[in-house]
Each structure stands twice: as structure tokens, then as C-alpha cells.
Amino acid sequence: MSFSKKEFEEVKRFVLAMMEQMQIGQSNIRVSVLQFHSRINKLFDLWEKKNVRELKTLVKTMQYIGGSKSNLVEALKHTSVLVFGKDARKKVPRIAILVTASPSSNGVERVLHFIIKRKVTVITVGIGSRINPKEIGLITSKSHDGKSFILKNVNELNKYRRTILDYVCSRGATPPPPTTMGTAPVKTTASTTTSPSVAHGVFTTTSQNKGEKWDIVFLVEDSDNVGEDNFNRTKEFMIKTVEKFQVKEGTTHVSVVQYSDKINDEFTFISSQKNWEVIERIKQMRYHGGEHTNTGNAIMHVIEETLTMQNGAREEAPDLVFMITSNPPSDSITNPIKAVKDRDVDLIPIVIGPDIDIAEFPLPVVQTTYENITNIVDMVYKTCCQPTIGKTVPTTLTTATTTTTTLLPSVPCTEPMDVAILLDGSDNVGETQFEEMKTFVKTFVGKIQTGTDATHISVLQYGRTNTQEISFDENQEKENLLDLIDQIQQRESGPSQLGSALSFTVQNMVMEAKGARVGIPKVVVVIVTDTSKDDVGRAAQEAMITGVTVIPIGIGQKLDERELLTIAGHNPNNVVHLGKMDTLPIMMTLSDEFIEKVCTEVDNLETKIIIHKGPCHSNSNENCIKAIEIKQHNIATLLHDDMTVSVAGKFVPLPLTVMNMDVIDHGSSSFVANIPDLEIVLIYSPLNNLFSLWVSPTLFLARVSGLCVPKCGPCEKPALRRNIDECCPQYVCDCDLLSCDLPITPTCEDGSFLSLKNPGECKPIYECLCNRNQCEDKPITCPSHRALTVVKTQCCDKYECACSCSNEIVSCPAGYSVKSVINDCNCTTSYCEPNEVCVHNGVVYLTGKTWEESCQQCSCTDRKNTVTGLHEVECVTKTCNKNCPTAGDTLKIDDCTECRCSEEADRLTNTHSLQCVTKRCRNCPDGYTTKKEKGSCCGICQATRCIIHLANGTVVMLKADESIQDDCDSYRCKVNENGEISTEKRTVQCTPFDKEECKAGGVRVNVLIDFK
């Protein structure tokens, strides 16, 4: 938009007036605002969960940019593809109100197909003489139900506003119904403007006040990766949040859901909602654990089950879900997140650690650690539910009706800053990732106000070496900065030396002598993708004592959380975690949260002292104190080396009082400042280049910063020292064991030994170390049902006999009994134990039993066989009478043996001899088994299989009820009621082939030759 600054303010008022006449909300009219010039700046998107007051505040604080180019084509393309493309609602009119005062820098023809494809209704408001009517006419003709309004100047916007709004409403966007004072809907405030023709109710959504109705669901991950200790920290967070919301029946109600592999409803809205009972139930919750993190299923469970009236959810209460998770989802969350938006549920993801890609979740996303989760209750409450505190001023309208308008505080970043951005050029960053970082920097620059009196930017690339790409001395106009960023090339990669990079930044980039400004907050934004190969502690300390705020952005999985926290000055709110590099520019594009973090961390600084140093003389290599800055929140008081004083950039006479601080001059050569916030008195003598602090050690350590003042460690106190060859007096840290809280000496186990971790430091830190070479190797012997296993410990391995067995079941032969033994692993082992019996020819006999067998007399004796353990059988051959009284008589011994008396008598004894014949039986062929029959020696062969001879000569055997197909023949093996098997054969008869009949029917006859 090519408007002057004054005209731009009129356009903003037009946008605000249009918004006031619309019923804005996620379930009604959704609004997005884009500002375009040579680039596109999206103020807010359609799906952002902000109330109307917040949206209007963003419009009110929109900064004038100007510029000679109007990239109207990219603005329409961005609107069609990104605004109306992602998560756009179906069957809802898509309307773009284009306000322009200049022609496009490119032809609009190439963007028309995007407008047509998305069915966007473009309502063009062309203002002034520089517009291109043909361009506007082409856009209007090609867009769905397009409309154009040509105005002479911005003053006519108010005149045509009602007409433009009526056309918008005719496309489907309906304004709110008329209302009167005192009849506003729940959760809204209403103001009424009366004109001679129509009355319109203007509604603005307000934030929820503490004590009003909420239906809150805590959706808590309890997978194995979380662990019971971290789960207990989550319970503490829930208890503090319940106390913050003042949960009780009739106001805020609470439900808790745990999830991992399974979803567990701990309690629902139906449960008693008394504050103490809710807290007690949370305390009694048990940690379940689970292998997976089914976040998608859990969210859908909350939408479809928890937040239903059947489970106690209230129709009049807003739905708010706090989801606490630390591991990437095992399932898809795309549809569940869409369901959250469709159901108008406020989801606040609280992401623990760096493993989750936060770009998958809707904003706002709160990142923290389990160690810090109990400290973010106020921040989370402020994110979702803190009522906006504003001031109300009366406004007189053009009619007799007078109403009030609530003015909200402006958004952060209204004050200038010196921001240094450190780009990671280490081995861990590829070319594509480096370009993503440049895009992030350009987006950051594009969203903030830069210039001589605004924010200044410098850029450093670190890796093998530290290279300052852009300094604070460069032209800080936006266009020039963007061109300089485009020119940055990735240099020779190397190991990540973050400590060196941060120290270089503090000493060479953010110092006043290097182009930084006196009295302006200093911020360092450093992008980190790997653990540093050098120490970052000293560099972080330098940043803290020079008053520099460091905000590390950790990307990926190769990060050291403690290292990031050290860089951030041990302020977890300053640490940003991202899963992948491509989410870095997306974070900047989707919202202004990161910019607000940068500005908020600077704006919220407590009272502190900052020492500003520079060359003592123009040709001097030594540094002297050039000024001492006493910063009280956002007010900076500087004591200059020329004995002048400035407050907020303006020189003032002495004595003076700033807030609760008094400053006087002492003998025209020294300053004396009494600073009650720090409980110290500062004495600064510029002539001698000295300053002194009257301060207690604990307050000194906590609140004072400066290059000459170190931050002492535990059990240390500062003591002032000055060497002859030094310009500035230096503080050193001496041991203070009297006030030291000595740590408990740990007890070392598993073969480890006690060692001092920090020799030479005042506060001893002991640790248990391990020398595995001194571990004793004593393997043990294990019984058969146990196996030798090794248990890993912190030091020496332990050996154990672990259960390694299974239940064994045996089948014993005749004469034996099954005996079972259960061992100490609860496994059953079975074995065969001989009974007190004899076994003869498969028959079991008790001891002392006698029987006859053919011509033998057998008995079961008391003797035992040493091999089998059974009693032995003893058989004695009986004397048989082999003589036959009558010649020719026959005698049947058994079914297979038949004897006959001979015809002739023995001449000596005159008796007939007995001649016996035993029948030998043949084995049954394959497919048959022998069936014994009474009175028969060999029995009969009974079929057990059907034997089939196939046409190709193959013989197959079928079991009962089995069948087989052989060309046109099918065979089936059948069993009758007597168990007898027979074969059933069925043959398919084919119709005779008549070639002439086929030809007569018009069928082609092919001759097939079988070469088999």
C-alpha cells in the first residue's frame, strides 16, 4: 500500500471499524490481516485463537513501513494459497478486501488463476490517482462475485464503509444482531452506536476471569519414557494449576486423562468438583507406563468422550485442554488436531524437552522441562486465561449516545534494542539448513522496526572461525539489512565452538566501542544444532555481567540441555526448542511469539548495574569505564565519565531522584547513587577510573553485573583487588566456608570409589567413579534350571543365576508312574518312577503273582532289576505230556498253533507223539492295518487309506473324507458306520463336440495339439 504515514493511520481506522461491525470468532467470521509493500507481512491468520480485543490491538499497533514498490501480485497469491489454502473451512465464503493506492509492480494476470481456483471474492478498494483502473477491473471480473470501489482519497473510506460492509454481508458474512445495553451474550462486552437509520451491536470477546466457568481436561502422557519421577512432577503441576483456577463446583471443573498404549480416565466432570477432593484424587493417581505414545488417540478420546455432556461437560462452559507430553506421537495427530479446531476446543500443548516437533501442534505451545514444569503455572495461566488489564476512557460519538472503549496495552518491541544473531556454520549444518537460518533472520528483520532510532541488527557466523557478517555500524534501514542478509554465504564448516562464538560476540560486537549504543538493551539470539566442543560457562558469565540477554534456539536431537540453560543465564524461559531446522522460519511466519519473547525478556529486566567500557584515549589500547548504567526495569540512568548524567537518553542536572534511587555528586569528582532495589550504594570516580559498591555478599552475587565484577561460585565471596598494570580494579572470589552449605558426601556402591570432582574450588563436589579393571571376576555355578546372567551396574557387573526353564511333561511306559517336582523357579519337571510290579510281555503283574504261559509257570519275584527298577519275572518250564492217547486226535494250543497225534505209535513206548504246526502271518500292505478277530490267528487287513491310481500312473493315498480331481474324474475317500473305507469315483461326461455346429453358430474352431 503506497500511503503516507498519515493516510496509513486512516486505513487502520477503516480496518478497525470493519472489524467492529463483524461477529468475529472461530465459529463465526474469521479474520486475517496482511500488510504488503515490497514484501508480505501477515499480522495474524484466520485460525489464530485470539479474542477480538487482541486482534484489534495488533491492528492498532501495526507499523507504517512505506516503500516505493507495491507487490500486489504476491499479496493476492499469498492470500489465495496460504490464507485460504491451509485449514480453510469448506462451504464458507472466502472474501479478500484489497485496499491499495498504487499499481502493482508486476502484471496481475499471473495471479488470477489462484483467485479463480480458490473461489476468492476480491473486493478492491482503490484510492487516489495512482491506481491502475484496468488492473482493478481485471481482478474484479475474474474473481468470484468480485466488486470494486474507486475512492478519491482515504477520507472517503468512512463514507463508503457501510456500503462495503453491506456487500461483504451479502456474500455470507453476517453482522451481529441488534442488541441493547445489558443484554450482551455470555463472555462478551457490548457497546451500542446509534445512527438515524440503524443500530448495530458491536461485540468484543473478553478473556476469562478467575472463578468463571471452565471445563478443564489435563491430558497427561505416562509412557515408559516419562518415568514415575517425572510423572509425579506433572501431578504437582496439575495441583498448582487447580489451585490457580480456584476449582470448585459451579465454576471451573476438572477431568484428568492418562495415556500411553491405553487411555485411562482418572476422573471425569461427573466426579465431585470440590477443590480439596480434586487435589486429593490427583495425589492418589498411579503411574501406569506403556511402550507407545498414542497422542492422536488420546486427543480424539478427549473430544469424543471426555468433553461430552454424558460425562459431565457443560454446554455453557468453554473447553480447555492442557496436554503434557514429552515424546513424539506414535500415531497420527493430523485429524485429531483438526477435530480440536472444528470443535472450538482450546488446546494448550505443554511440550517437555526437545524431542517433539512443535510445528505439529496448534499455537500457543509452551515448552519447558520436567524440572521446571512446576514453575510455569503462572505463565500457562497467563497464556490461556489471564484477563487483559486495560484502561477505559470515554469516547463521544456523533449521536447523543455515549459509550466507552477499552484501550489495551500495546504489544512489546516498541523500544529499540541491539540484537546480535549467531548463525550455526558448524559441520552439523548443510546448505539447505543454512538458507533456512537466513530466512529466519530475514523474517525477524521484516517483522520488527529497524532504523537509526529503532532496533539495530548484527549477524555472526560461527563454526571453524567466527565471522562478523553484519555489524551495528552498518546502515540499519530494513531494505539494506535484507540485502546484506541475502549476501551471506556459508563459510568453511568446522566443529561447533559455541563458547568462543559467544565470547567473541560479547567482546567485539555488543560493546559500545564496536557500534552498539549506550543505554540500549543488548540481546544475543544464537542458533544451536550440536553440543559445543568448547566450554560455554565463561562466555555465558561474560554475557551476564555485561548485561547481555542470551536466547538460545536449540534445534534437533544433538543438544545438551544444561549447556543451553547455561548460555541462557540459567533462565529456562529464554531457551527455545525446535525439532527440525525447517520449523525455524515457520515459527517466525506463523506468529510473533518469538519476537514477543525477545522483547519481553528485555523489557522485564530487574534493576541492575551495567559497566560500559571503551578506549581510555583515542590512540589507547587500554579500556576504561566510559559510563555506569543503572537500569531500573525500562528506565536507564547513565553516569558518564565527564560527570554528566542522562536519564532515558536525556541529560539532567544533579541532584536527582529516579524512581526510588537518589543520585548526587560528591566533590564534583565522584557520583554517589543510593539504590534501594539492590540495597547498595554505588560510588563512581571517573577521574580515577574506579567504582566501589557497598553491598552484602549475597545481594552482590545476585543483582550486580559489570566487566570488573565477576559472578562468584558457591562458597565464595567477592573481594576487590587491583594490580598496578590494570586500568580497572578487579574483583576476585575468595573462599567463604563459614557460610557455605557443604554438600553431603555420596555413598559409593557396586565397586565405585569416591573422587573430588572440582579440585581447587571452594565448595567441594564429590562423585563416585569406577575403575572396571579393579572389579573382581567371580562367576558362579548355576543349577540346570537357571542360567548365568550379568546385571549391569554403575560400575562392576553383578552375576546372577536367572530362571531359565519350562514345564516338562512325560509319558511313562507300563509299570511306571509319573512323578513331578516344582523347583524354585516354579517350573514343573516330570520323570518316570518304577512301581513295585513286574512287566512281562506288556502285562503288569503285582509282586507274588503267578501265572501260566504255554508250558511255563511264571511268577513276579521280590528281586529288582538294577537297570529298569522293576521287579524281575521268573518263569519255569513245565513238564508237558507230549504223548497222545489216540492216534489222529488234534489239539489247538492257541489261535496260531495246532497239534496232531501221529498215526503210528512209538515202537519202544507204544505212544503217539504230538506234532505241532504254527501259522506265520504276513504284514498288511500300505494303506491297511491289522485287525485282530476272535478265533483268528492273523486277523484281517482293514483299509486305513484309499488307494487311487491316477490317469498318469501316479498312485496317491487319501485319508478319510479327502478328495482329489483327476481330469474329468473325481475321487473321494469315504468311511461307513462300521469304520470301513471305500472309494467313491465320479466322472463328468462331456457333450460330444460337433465342429460343423460350432461353425454354423459363427464360432471359430481352433485346433489344439497336445504334445505330451
# chains A, B, ... in the order shown; residues from 1 in each chain; ligands from 1
call {"tool": "residues_around", "arguments": {"residues": "Ile356 of chain A", "least_positions_apart": "4", "cutoff": "12 Å", "atoms": "only C-alpha atoms", "output": "list in words"}}
result
Thr293, Thr295, Ile324, Thr325, Ser326, Asn327, Pro328, Pro329, Ser330, Pro349, Ile350, Val351, Ile352, Glu360, Phe361, Val365, Val366, Gln367, Thr368, Ile555, Gly556, Gln557, His577, Leu578, Gly579, Lys580 and Thr583 of chain A
call {"tool": "residues_around", "arguments": {"residues": "Asp261 of chain A", "least_positions_apart": "4", "cutoff": "12 Å", "atoms": "only C-alpha atoms", "output": "count of residues only"}}
result
18
call {"tool": "select_by_dssp", "arguments": {"residues": "segment 349-380 of chain A", "states": "alpha helix (DSSP H)", "output": "list of chain:residue names"}}
result
A:Val377, A:Asp378, A:Met379, A:Val380
call {"tool": "residues_around", "arguments": {"residues": "segment 236-239 of chain A", "least_positions_apart": "2", "cutoff": "10 Å", "atoms": "only C-alpha atoms", "output": "PyMOL selection string"}}
result
chain A and resi 218+220+230-234+241-244+256+275-276+278-283+322+324+370+372-377
call {"tool": "residues_around", "arguments": {"residues": "Gly463 of chain A", "least_positions_apart": "3", "cutoff": "7 Å", "atoms": "only C-alpha atoms", "output": "MDAnalysis selection string"}}
result
chainID A and resid 424:426 466 493:497
call {"tool": "atom_distance", "arguments": {"atom1": "atom CA of Ser80 of chain A", "atom2": "atom CA of Ser38 of chain A"}}
result
18.1 Å
call {"tool": "closest_residue", "arguments": {"among": "A:Leu737, A:Leu564, A:Thr890, A:Ile551", "to": "Val536 of chain A", "atoms": "only C-alpha atoms"}}
result
A:Leu564
call {"tool": "atom_distance", "arguments": {"atom1": "atom CA of Gly649 of chain A", "atom2": "atom CA of Glu542 of chain A"}}
result
25.4 Å
call {"tool": "residues_around", "arguments": {"residues": "segment 931-935 of chain A", "least_positions_apart": "3", "cutoff": "6 Å", "atoms": "only C-alpha atoms", "output": "list in words"}}
result
Asp895, Gly939 and Ile940 of chain A
call {"tool": "write_last_selection", "arguments": {"atoms": "N, CA, C and O atoms", "output": "compact mmCIF listing (two decimals), in the first residue's frame"}}
result
# COMPACT_ATOMS: atom_id res chain seq x y z
N ASP A 895 -4.44 -119.66 18.91
CA ASP A 895 -5.06 -119.39 17.62
C ASP A 895 -4.14 -119.68 16.46
O ASP A 895 -4.60 -119.92 15.33
N GLY A 939 -5.87 -112.37 11.95
CA GLY A 939 -6.83 -111.28 11.83
C GLY A 939 -7.02 -110.92 10.36
O GLY A 939 -6.72 -111.71 9.45
N ILE A 940 -7.55 -109.72 10.12
CA ILE A 940 -7.78 -109.28 8.74
C ILE A 940 -7.11 -107.93 8.52
O ILE A 940 -6.84 -107.18 9.46
call {"tool": "atom_distance", "arguments": {"atom1": "atom CA of Cys748 of chain A", "atom2": "atom CA of Glu371 of chain A"}}
result
25.2 Å
call {"tool": "select_by_dssp", "arguments": {"residues": "segment 486-707 of chain A", "states": "strand (DSSP E or B)", "output": "MDAnalysis selection string"}}
result
chainID A and resid 522:528 548:555 576:578 608:615 623:632 635:640 645:647 650:652 656:658 661:666 670:675 680:685 690:694 704 706
call {"tool": "residues_around", "arguments": {"residues": "segment 471-485 of chain A", "least_positions_apart": "6", "cutoff": "6 Å", "atoms": "only C-alpha atoms", "output": "MDAnalysis selection string"}}
result
chainID A and resid 450:451 458 515
